[in-house]
>>> print(open('run-v4.pdb').read())   # PDB, C-alpha atoms
ATOM      1  CA  MET F   1      40.066  -5.660   4.601
ATOM      2  CA  ARG F   2      41.693  -2.403   5.700
ATOM      3  CA  VAL F   3      43.914  -1.188   2.859
ATOM      4  CA  LEU F   4      46.324   1.706   2.408
ATOM      5  CA  VAL F   5      47.276   2.957  -1.056
ATOM      6  CA  PHE F   6      50.336   5.204  -1.043
ATOM      7  CA  GLY F   7      50.356   7.525  -4.048
ATOM      8  CA  ALA F   8      47.567   9.429  -5.785
ATOM      9  CA  GLY F   9      48.782   9.267  -9.349
ATOM     10  CA  VAL F  10      47.066   7.282 -12.086
ATOM     11  CA  ILE F  11      47.925   3.859 -10.657
ATOM     12  CA  GLY F  12      47.230   4.759  -7.036
ATOM     13  CA  ARG F  13      43.807   6.221  -7.792
ATOM     14  CA  ILE F  14      42.722   3.264  -9.919
ATOM     15  CA  TYR F  15      43.703   0.680  -7.317
ATOM     16  CA  ALA F  16      42.276   2.719  -4.422
ATOM     17  CA  ALA F  17      38.946   3.244  -6.199
ATOM     18  CA  ARG F  18      38.481  -0.359  -7.295
ATOM     19  CA  LEU F  19      39.494  -1.772  -3.930
ATOM     20  CA  ALA F  20      37.007   0.574  -2.229
ATOM     21  CA  LEU F  21      34.244  -0.348  -4.675
ATOM     22  CA  ALA F  22      34.842  -3.991  -3.745
ATOM     23  CA  GLY F  23      33.940  -3.187  -0.147
ATOM     24  CA  ASN F  24      37.343  -2.701   1.443
ATOM     25  CA  GLN F  25      38.187   0.110   3.869
ATOM     26  CA  VAL F  26      40.679   2.095   1.801
ATOM     27  CA  VAL F  27      42.841   4.998   2.923
ATOM     28  CA  LEU F  28      44.723   6.944   0.239
ATOM     29  CA  VAL F  29      47.985   8.746   0.953
ATOM     30  CA  ALA F  30      47.978  11.760  -1.382
ATOM     31  CA  ARG F  31      50.995  13.912  -0.686
ATOM     32  CA  GLY F  32      50.525  17.450  -1.977
ATOM     33  CA  SER F  33      47.126  16.814  -3.549
ATOM     34  CA  ALA F  34      45.135  15.594  -0.565
ATOM     35  CA  ALA F  35      42.766  18.557  -0.363
ATOM     36  CA  THR F  36      41.810  18.530  -4.042
ATOM     37  CA  THR F  37      41.320  14.776  -4.164
ATOM     38  CA  GLN F  38      39.335  14.849  -0.917
ATOM     39  CA  ALA F  39      36.946  17.482  -2.268
ATOM     40  CA  LYS F  40      36.258  15.877  -5.643
ATOM     41  CA  GLY F  41      36.658  12.193  -4.835
ATOM     42  CA  ILE F  42      38.477   9.704  -7.033
ATOM     43  CA  ARG F  43      36.982   9.743 -10.516
ATOM     44  CA  ILE F  44      37.868   6.768 -12.694
ATOM     45  CA  HIS F  45      36.770   5.865 -16.194
ATOM     46  CA  ALA F  46      37.662   2.483 -17.636
ATOM     47  CA  ILE F  47      37.585   2.910 -21.420
ATOM     48  CA  GLY F  48      34.271   1.520 -22.686
ATOM     49  CA  GLU F  49      32.568   1.733 -19.291
ATOM     50  CA  ARG F  50      30.839   4.491 -17.336
ATOM     51  CA  GLU F  51      32.665   6.904 -15.094
ATOM     52  CA  ARG F  52      32.684   6.160 -11.370
ATOM     53  CA  THR F  53      33.315   8.531  -8.454
ATOM     54  CA  VAL F  54      34.612   7.005  -5.242
ATOM     55  CA  ARG F  55      35.205   8.800  -1.960
ATOM     56  CA  VAL F  56      37.766   7.383   0.437
ATOM     57  CA  PRO F  57      39.557   8.871   3.449
ATOM     58  CA  ILE F  58      42.640  10.754   2.258
ATOM     59  CA  VAL F  59      45.671  11.628   4.361
ATOM     60  CA  ALA F  60      48.888  13.469   3.600
ATOM     61  CA  ASP F  61      51.106  11.219   5.741
ATOM     62  CA  ALA F  62      51.116   7.440   6.062
ATOM     63  CA  SER F  63      51.291   7.636   9.849
ATOM     64  CA  GLU F  64      47.768   9.114   9.850
ATOM     65  CA  ALA F  65      46.315   5.937   8.346
ATOM     66  CA  GLY F  66      46.847   3.819  11.454
ATOM     67  CA  ASP F  67      47.141   0.028  11.274
ATOM     68  CA  VAL F  68      46.150  -1.636   7.986
ATOM     69  CA  ASP F  69      46.147  -5.167   6.623
ATOM     70  CA  ILE F  70      47.760  -4.485   3.246
ATOM     71  CA  ALA F  71      49.543  -1.414   1.891
ATOM     72  CA  PHE F  72      50.042  -0.838  -1.835
ATOM     73  CA  LEU F  73      52.898   1.475  -2.825
ATOM     74  CA  ALA F  74      52.180   3.326  -6.067
ATOM     75  CA  VAL F  75      54.773   6.020  -6.689
ATOM     76  CA  ARG F  76      56.982   6.652  -9.706
ATOM     77  CA  ARG F  77      60.495   5.267  -9.933
ATOM     78  CA  ASP F  78      61.985   8.782  -9.703
ATOM     79  CA  GLN F  79      59.931   9.536  -6.554
ATOM     80  CA  LEU F  80      61.177   6.486  -4.684
ATOM     81  CA  ASP F  81      64.063   8.044  -2.740
ATOM     82  CA  ALA F  82      61.929  10.939  -1.497
ATOM     83  CA  ALA F  83      59.141   8.559  -0.424
ATOM     84  CA  MET F  84      61.351   6.146   1.540
ATOM     85  CA  PRO F  85      61.050   7.969   4.898
ATOM     86  CA  ASP F  86      57.248   7.941   4.480
ATOM     87  CA  PHE F  87      57.242   4.205   3.733
ATOM     88  CA  ALA F  88      58.932   3.634   7.086
ATOM     89  CA  ARG F  89      55.868   5.073   8.824
ATOM     90  CA  ILE F  90      53.440   2.598   7.252
ATOM     91  CA  ARG F  91      51.952   0.202   9.813
ATOM     92  CA  SER F  92      50.842  -2.737   7.686
ATOM     93  CA  ARG F  93      50.915  -6.506   7.939
ATOM     94  CA  LEU F  94      51.786  -6.793   4.232
ATOM     95  CA  VAL F  95      53.350  -4.268   1.859
ATOM     96  CA  VAL F  96      52.913  -4.656  -1.904
ATOM     97  CA  SER F  97      54.965  -2.479  -4.265
ATOM     98  CA  LEU F  98      53.359  -1.419  -7.539
ATOM     99  CA  ILE F  99      56.583   0.324  -8.557
ATOM    100  CA  ASP F 100      58.920  -0.297 -11.476
ATOM    101  CA  ILE F 101      62.135  -1.067  -9.563
ATOM    102  CA  PRO F 102      64.410  -2.903 -12.018
ATOM    103  CA  ARG F 103      67.415  -2.277  -9.765
ATOM    104  CA  GLY F 104      67.637  -2.180  -6.002
ATOM    105  CA  LEU F 105      64.735  -4.524  -5.288
ATOM    106  CA  PRO F 106      66.772  -6.597  -2.776
ATOM    107  CA  GLU F 107      67.596  -3.423  -0.802
ATOM    108  CA  PHE F 108      63.985  -2.302  -0.932
ATOM    109  CA  ARG F 109      62.874  -5.736   0.258
ATOM    110  CA  LYS F 110      65.283  -5.448   3.190
ATOM    111  CA  LEU F 111      64.040  -1.948   4.080
ATOM    112  CA  ILE F 112      60.369  -2.972   4.183
ATOM    113  CA  GLY F 113      61.088  -6.332   5.781
ATOM    114  CA  PRO F 114      61.286  -9.518   3.680
ATOM    115  CA  ALA F 115      58.615 -11.306   5.710
ATOM    116  CA  ARG F 116      55.936  -8.749   4.803
ATOM    117  CA  PHE F 117      57.112  -7.424   1.422
ATOM    118  CA  ILE F 118      55.659  -8.600  -1.903
ATOM    119  CA  PRO F 119      56.832  -6.957  -5.137
ATOM    120  CA  ALA F 120      54.244  -6.588  -7.887
ATOM    121  CA  PHE F 121      53.496  -4.558 -11.002
ATOM    122  CA  PRO F 122      50.218  -2.890 -12.052
ATOM    123  CA  GLY F 123      48.087  -4.279 -14.869
ATOM    124  CA  VAL F 124      46.418  -0.976 -15.781
ATOM    125  CA  ALA F 125      47.539   2.138 -17.640
ATOM    126  CA  GLY F 126      46.042   5.516 -18.409
ATOM    127  CA  SER F 127      46.154   9.251 -17.825
ATOM    128  CA  VAL F 128      44.389  12.033 -15.934
ATOM    129  CA  SER F 129      42.208  14.423 -17.969
ATOM    130  CA  ASP F 130      42.134  18.177 -17.404
ATOM    131  CA  ASP F 131      38.994  17.801 -15.275
ATOM    132  CA  GLY F 132      40.601  15.181 -13.028
ATOM    133  CA  VAL F 133      39.148  11.958 -14.445
ATOM    134  CA  VAL F 134      41.496   8.965 -14.613
ATOM    135  CA  ASN F 135      40.877   7.366 -18.019
ATOM    136  CA  PHE F 136      42.440   3.924 -18.173
ATOM    137  CA  ILE F 137      42.539   0.455 -19.658
ATOM    138  CA  ASP F 138      43.174  -2.949 -18.174
ATOM    139  CA  VAL F 139      46.259  -4.096 -20.057
ATOM    140  CA  ARG F 140      45.148  -7.344 -21.660
ATOM    141  CA  GLN F 141      48.702  -8.501 -22.344
ATOM    142  CA  GLN F 142      49.900  -7.801 -18.812
ATOM    143  CA  PRO F 143      47.693  -8.469 -15.771
ATOM    144  CA  THR F 144      48.724  -7.258 -12.337
ATOM    145  CA  THR F 145      51.806  -9.390 -11.753
ATOM    146  CA  VAL F 146      52.708 -10.530  -8.235
ATOM    147  CA  GLU F 147      55.748 -12.409  -6.974
ATOM    148  CA  ASP F 148      54.956 -15.857  -5.590
ATOM    149  CA  ALA F 149      55.364 -15.763  -1.792
ATOM    150  CA  PRO F 150      53.605 -17.245   1.255
ATOM    151  CA  ALA F 151      51.099 -14.363   1.403
ATOM    152  CA  THR F 152      50.616 -13.965  -2.360
ATOM    153  CA  ALA F 153      47.313 -15.851  -2.409
ATOM    154  CA  GLU F 154      45.802 -13.305  -0.012
ATOM    155  CA  VAL F 155      46.963 -10.375  -2.159
ATOM    156  CA  VAL F 156      45.800 -12.008  -5.381
ATOM    157  CA  GLY F 157      42.401 -12.785  -3.877
ATOM    158  CA  LEU F 158      41.963  -9.178  -2.763
ATOM    159  CA  LEU F 159      42.904  -7.857  -6.212
ATOM    160  CA  GLU F 160      40.727 -10.273  -8.130
ATOM    161  CA  GLU F 161      37.709  -9.469  -5.958
ATOM    162  CA  ALA F 162      38.282  -5.828  -6.976
ATOM    163  CA  GLY F 163      38.219  -6.725 -10.677
ATOM    164  CA  PHE F 164      41.930  -6.925 -11.430
ATOM    165  CA  ARG F 165      43.267  -9.776 -13.542
ATOM    166  CA  THR F 166      46.409 -11.234 -11.946
ATOM    167  CA  ALA F 167      49.392 -13.430 -12.683
ATOM    168  CA  THR F 168      52.155 -14.721 -10.423
ATOM    169  CA  VAL F 169      55.848 -15.155 -11.185
ATOM    170  CA  PRO F 170      58.590 -16.842  -9.144
ATOM    171  CA  ASN F 171      61.124 -14.020  -9.478
ATOM    172  CA  MET F 172      60.010 -10.388  -9.723
ATOM    173  CA  ASP F 173      63.576  -9.131 -10.065
ATOM    174  CA  SER F 174      64.040 -10.747 -13.486
ATOM    175  CA  TRP F 175      60.503  -9.790 -14.529
ATOM    176  CA  LEU F 176      61.121  -6.106 -13.752
ATOM    177  CA  GLN F 177      64.504  -6.142 -15.477
ATOM    178  CA  THR F 178      62.904  -7.613 -18.584
ATOM    179  CA  HIS F 179      60.071  -5.110 -18.439
ATOM    180  CA  VAL F 180      62.259  -2.018 -18.163
ATOM    181  CA  ILE F 181      64.181  -2.917 -21.325
ATOM    182  CA  PHE F 182      60.969  -3.486 -23.242
ATOM    183  CA  ILE F 183      59.018  -0.453 -22.024
ATOM    184  CA  THR F 184      61.925   1.999 -22.188
ATOM    185  CA  ALA F 185      62.623   1.246 -25.842
ATOM    186  CA  PHE F 186      59.003   1.773 -26.885
ATOM    187  CA  GLU F 187      58.391   4.863 -24.786
ATOM    188  CA  ALA F 188      61.642   6.491 -25.921
ATOM    189  CA  ALA F 189      60.522   5.912 -29.528
ATOM    190  CA  ILE F 190      57.164   7.548 -28.788
ATOM    191  CA  VAL F 191      58.900  10.579 -27.273
ATOM    192  CA  ARG F 192      61.120  10.862 -30.369
ATOM    193  CA  VAL F 193      58.030  11.286 -32.582
ATOM    194  CA  GLY F 194      56.504  13.842 -30.219
ATOM    195  CA  GLY F 195      53.833  11.470 -28.956
ATOM    196  CA  ASP F 196      52.408  10.714 -32.405
ATOM    197  CA  VAL F 197      51.943   7.030 -31.657
ATOM    198  CA  ALA F 198      49.649   6.558 -34.669
ATOM    199  CA  SER F 199      52.426   7.727 -36.984
ATOM    200  CA  LEU F 200      54.940   5.472 -35.260
ATOM    201  CA  ALA F 201      52.579   2.512 -35.621
ATOM    202  CA  ARG F 202      52.561   2.990 -39.408
ATOM    203  CA  ASP F 203      56.357   3.226 -39.690
ATOM    204  CA  TYR F 204      57.670  -0.307 -40.244
ATOM    205  CA  ASP F 205      61.335   0.709 -40.144
ATOM    206  CA  ALA F 206      60.978   2.664 -36.888
ATOM    207  CA  VAL F 207      59.122  -0.145 -35.098
ATOM    208  CA  HIS F 208      61.605  -2.656 -36.529
ATOM    209  CA  ASP F 209      64.425  -0.639 -34.953
ATOM    210  CA  VAL F 210      62.659  -0.702 -31.577
ATOM    211  CA  VAL F 211      62.196  -4.468 -31.767
ATOM    212  CA  VAL F 212      65.888  -4.893 -32.591
ATOM    213  CA  GLU F 213      66.800  -2.672 -29.642
ATOM    214  CA  VAL F 214      64.662  -4.729 -27.264
ATOM    215  CA  ARG F 215      66.050  -7.983 -28.649
ATOM    216  CA  ARG F 216      69.605  -6.757 -28.118
ATOM    217  CA  GLY F 217      68.805  -5.683 -24.557
ATOM    218  CA  LEU F 218      67.152  -8.978 -23.635
ATOM    219  CA  ARG F 219      70.055 -10.950 -25.042
ATOM    220  CA  ALA F 220      72.431  -8.818 -22.963
ATOM    221  CA  LEU F 221      70.359  -9.629 -19.875
ATOM    222  CA  THR F 222      70.516 -13.334 -20.688
ATOM    223  CA  ALA F 223      74.298 -13.118 -21.120
ATOM    224  CA  ARG F 224      74.483 -11.705 -17.586
ATOM    225  CA  GLY F 225      72.542 -14.635 -16.175
ATOM    226  CA  VAL F 226      69.093 -13.015 -15.939
ATOM    227  CA  GLN F 227      66.139 -15.140 -17.034
ATOM    228  CA  VAL F 228      63.867 -13.212 -19.413
ATOM    229  CA  SER F 229      60.350 -13.143 -17.933
ATOM    230  CA  PRO F 230      57.536 -13.571 -18.848
ATOM    231  CA  THR F 231      57.998 -16.211 -21.520
ATOM    232  CA  SER F 232      55.661 -14.335 -23.878
ATOM    233  CA  LEU F 233      58.148 -11.449 -24.214
ATOM    234  CA  LYS F 234      61.003 -13.868 -24.791
ATOM    235  CA  THR F 235      58.963 -15.544 -27.504
ATOM    236  CA  ILE F 236      57.920 -12.387 -29.353
ATOM    237  CA  PHE F 237      61.271 -10.590 -29.173
ATOM    238  CA  ILE F 238      63.833 -13.395 -29.388
ATOM    239  CA  ARG F 239      62.250 -16.498 -30.887
ATOM    240  CA  MET F 240      59.933 -14.971 -33.483
ATOM    241  CA  PRO F 241      61.291 -13.576 -36.775
ATOM    242  CA  LEU F 242      61.937  -9.829 -36.695
ATOM    243  CA  TRP F 243      59.320  -9.135 -39.364
ATOM    244  CA  PHE F 244      56.661 -10.954 -37.340
ATOM    245  CA  ALA F 245      57.513  -9.131 -34.102
ATOM    246  CA  THR F 246      57.564  -5.809 -35.974
ATOM    247  CA  ARG F 247      54.113  -6.340 -37.466
ATOM    248  CA  TYR F 248      52.775  -7.483 -34.120
ATOM    249  CA  TRP F 249      53.969  -4.331 -32.343
ATOM    250  CA  MET F 250      52.741  -2.088 -35.144
ATOM    251  CA  ARG F 251      49.253  -3.439 -34.435
ATOM    252  CA  GLN F 252      49.658  -3.017 -30.655
ATOM    253  CA  LEU F 253      50.862   0.571 -31.006
ATOM    254  CA  ALA F 254      47.869   1.394 -33.212
ATOM    255  CA  GLY F 255      45.437  -0.043 -30.668
ATOM    256  CA  PRO F 256      44.402   0.764 -27.082
ATOM    257  CA  LEU F 257      47.769  -0.329 -25.656
ATOM    258  CA  GLY F 258      49.619   2.257 -27.710
ATOM    259  CA  ARG F 259      47.088   5.064 -27.294
ATOM    260  CA  PHE F 260      46.090   4.617 -23.654
ATOM    261  CA  GLY F 261      48.992   2.576 -22.285
ATOM    262  CA  PHE F 262      52.326   3.569 -23.790
ATOM    263  CA  ARG F 263      51.718   7.119 -24.983
ATOM    264  CA  PRO F 264      50.383   8.818 -21.812
ATOM    265  CA  HIS F 265      53.152   7.471 -19.622
ATOM    266  CA  ALA F 266      55.871   8.153 -22.204
ATOM    267  CA  MET F 267      54.929  11.788 -22.640
ATOM    268  CA  LYS F 268      54.325  12.524 -18.969
ATOM    269  CA  SER F 269      57.498  10.784 -17.779
ATOM    270  CA  GLN F 270      59.909  11.921 -20.496
ATOM    271  CA  HIS F 271      61.699  14.277 -18.090
ATOM    272  CA  THR F 272      61.202  12.280 -14.880
ATOM    273  CA  GLU F 273      60.827   8.502 -14.833
ATOM    274  CA  LEU F 274      61.988   7.734 -18.375
ATOM    275  CA  PRO F 275      65.535   9.125 -17.872
ATOM    276  CA  ALA F 276      65.814   6.986 -14.723
ATOM    277  CA  PHE F 277      64.759   3.930 -16.739
ATOM    278  CA  LEU F 278      67.373   4.703 -19.399
ATOM    279  CA  GLU F 279      70.026   4.684 -16.664
ATOM    280  CA  ASP F 280      68.652   1.382 -15.382
ATOM    281  CA  VAL F 281      68.837  -0.202 -18.828
ATOM    282  CA  HIS F 282      72.441   0.900 -19.294
ATOM    283  CA  ALA F 283      73.416  -0.426 -15.867
ATOM    284  CA  LEU F 284      71.657  -3.761 -16.459
ATOM    285  CA  THR F 285      72.901  -4.416 -19.977
ATOM    286  CA  GLY F 286      76.000  -2.279 -20.524
ATOM    287  CA  LEU F 287      74.442  -1.007 -23.754
TER     288      LEU F 287
END
>>> encode(input="run-v4.pdb", output="structure tokens")
Amino acid sequence: MRVLVFGAGVIGRIYAARLALAGNQVVLVARGSAATTQAKGIRIHAIGERERTVRVPIVADASEAGDVDIAFLAVRRDQLDAAMPDFARIRSRLVVSLIDIPRGLPEFRKLIGPARFIPAFPGVAGSVSDDGVVNFIDVRQQPTTVEDAPATAEVVGLLEEAGFRTATVPNMDSWLQTHVIFITAFEAAIVRVGGDVASLARDYDAVHDVVVEVRRGLRALTARGVQVSPTSLKTIFIRMPLWFATRYWMRQLAGPLGRFGFRPHAMKSQHTELPAFLEDVHALTGL
């Protein structure tokens, strides 16, 4: 399969490297960092495994990639507007977004073309070390999530052959709206304690407040006719007692999800993507 990955951040590099290791012909669009990435290769390190270095063709503009079978879009929410003209130059049979777009997904679907667009969300998280290694985890609680569509089986098959766990949902709009309320509350709390996620994990009252905030946001979504998705988040935040949900998230924050999932993204995005998510939450819930 000939694959294009647009974006050379944490998510883009992980997906590009794994897809290439699975035998696909991968081209990476790395705007601004093409030369450095080209020279050193993509270096990925799944926590608990050995480091891998993968070399793939790297271009600075999507038009240089030529025709591809599937394109994965992996840019930050706050980079989306600037990247739109570049997306228009992608020549791909299918386009899969790995972008947190809680609002505006219908417009994005129209721009790409509804017949070839499949919204999804990555199931990995991590950070880049000073020497350029992407250290990451596969998020056990959240596999790569793909909207159910006629071509979804092809995308899921490609991802699973590359080692990604997957799940499908009928409506990615509601899934992303649920996710932004959940992730924004936790990452904002991590920023408030200066990134000391271990300290936050030990603070029952602070985590309790985050759980209450998420519960309030999800109930506001429900009141506006949005179905909370996936069911597991609805169960933990709305159906379970507050004390149970608080203890559960204290354990998650103290583990790999908190250290390698939440914290790196929260601290890196506190002045970029996180403010955009806060605006999204307000617009979606009125809170």
>>> residues_around(input="run-v4.pdb", residues="F:Leu158", least_positions_apart="5", cutoff="10 Å", atoms="all atoms listed in the file", output="number ranges by chain")
F: 1, 3, 19, 22, 24, 70, 152-153, 163-164
>>> write_last_selection(input="run-v4.pdb", atoms="C-alpha atoms", output="short mmCIF file (atom, residue, chain, number, x, y, z; two decimals), in the coordinates of the input")
data_model
loop_
_atom_site.label_atom_id
_atom_site.label_comp_id
_atom_site.auth_asym_id
_atom_site.auth_seq_id
_atom_site.Cartn_x
_atom_site.Cartn_y
_atom_site.Cartn_z
CA MET F 1 40.07 -5.66 4.60
CA VAL F 3 43.91 -1.19 2.86
CA LEU F 19 39.49 -1.77 -3.93
CA ALA F 22 34.84 -3.99 -3.74
CA ASN F 24 37.34 -2.70 1.44
CA ILE F 70 47.76 -4.49 3.25
CA THR F 152 50.62 -13.96 -2.36
CA ALA F 153 47.31 -15.85 -2.41
CA GLY F 163 38.22 -6.72 -10.68
CA PHE F 164 41.93 -6.92 -11.43
#
>>> resolve_selection(input="run-v4.pdb", expression="the PyMOL selection byres ((chain F and resi 132) around 12)", output="list in words")
Ala8, Gly9, Val10, Arg13, Ser33, Thr36, Thr37, Ala39, Lys40, Gly41, Ile42, Arg43, Ile44, His45, Glu51, Thr53, Ser127, Val128, Ser129, Asp130, Asp131, Val133, Val134 and Asn135 of chain F
>>> closest_residue(input="run-v4.pdb", among="F:Arg192, F:Arg202, F:Arg109, F:Arg116", to="F:Val155", atoms="all atoms listed in the file")
F:Arg116
>>> atom_distance(input="run-v4.pdb", atom1="atom CA of F:Arg50", atom2="atom CA of F:Pro143")
21.3 Å
>>> closest_residue(input="run-v4.pdb", among="F:Pro150, F:Pro230, F:Pro122, F:Gly113", to="F:Arg165", atoms="all atoms listed in the file")
F:Pro122
>>> residues_near_point(input="run-v4.pdb", point="(55.8, 1.4, -10.0)", cutoff="6 Å", atoms="all atoms listed in the file", output="list of chain:residue names")
F:Ala74, F:Val75, F:Arg76, F:Leu98, F:Ile99, F:Asp100
>>> atom_distance(input="run-v4.pdb", atom1="atom CA of F:Tyr15", atom2="atom CA of F:Glu273")
20.3 Å
>>> atom_distance(input="run-v4.pdb", atom1="atom CA of F:Gln25", atom2="atom CA of F:Ala71")
11.6 Å
>>> resolve_selection(input="run-v4.pdb", expression="the PyMOL selection byres ((chain F and resi 210-221) around 6)", output="PyMOL selection string")
chain F and resi 182+207-209+222-224+226+237-238+285
>>> resolve_selection(input="run-v4.pdb", expression="the PyMOL selection byres ((chain F and resi 198) around 8)", output="list of chain:residue names")
F:Asp196, F:Val197, F:Ser199, F:Leu200, F:Ala201, F:Arg202, F:Leu253, F:Ala254, F:Arg259
>>> closest_residue(input="run-v4.pdb", among="F:Arg2, F:Ala245, F:Thr231, F:Val95", to="F:Pro114", atoms="only C-alpha atoms")
F:Val95
>>> axis_aligned_box(input="run-v4.pdb", around="stretch 188-205 of chain F", padding_each_side="3 Å", output="lines of an AutoDock Vina configuration file")
center_x = 55.6
center_y = 6.8
center_z = -33.1
size_x = 18.0
size_y = 20.1
size_z = 20.3
>>> closest_residue(input="run-v4.pdb", among="F:Asp78, F:Val191, F:Phe244, F:Met84", to="F:Ala266", atoms="only C-alpha atoms")
F:Val191
>>> closest_residue(input="run-v4.pdb", among="F:Ile137, F:Met172, F:Leu4, F:Ala65", to="F:Gly104", atoms="all atoms listed in the file")
F:Met172
>>> closest_residue(input="run-v4.pdb", among="F:Ser63, F:Thr168, F:Ile190, F:Arg93", to="F:Asp203", atoms="only C-alpha atoms")
F:Ile190
>>> residues_around(input="run-v4.pdb", residues="F:Ile58", least_positions_apart="2", cutoff="6 Å", atoms="all atoms listed in the file", output="tab-separated table (two decimals) with C-alpha atoms, in the frame of the given file")
chain	number	residue	atom	x	y	z
F	27	VAL	CA	42.84	5.00	2.92
F	28	LEU	CA	44.72	6.94	0.24
F	29	VAL	CA	47.98	8.75	0.95
>>> residues_around(input="run-v4.pdb", residues="F:Ile90", least_positions_apart="2", cutoff="7 Å", atoms="all atoms listed in the file", output="list in words")
Ala62, Ser63, Phe87, Ala88 and Ser92 of chain F
>>> residues_around(input="run-v4.pdb", residues="F:Leu176", least_positions_apart="2", cutoff="10 Å", atoms="all atoms listed in the file", output="list in words")
Ile99, Asp100, Ile101, Pro102, Arg103, Leu105, Pro119, Ala120, Phe121, Asn171, Met172, Asp173, Ser174, Thr178, His179, Val180, Ile181, Phe182, Val228, Ser229 and Pro230 of chain F
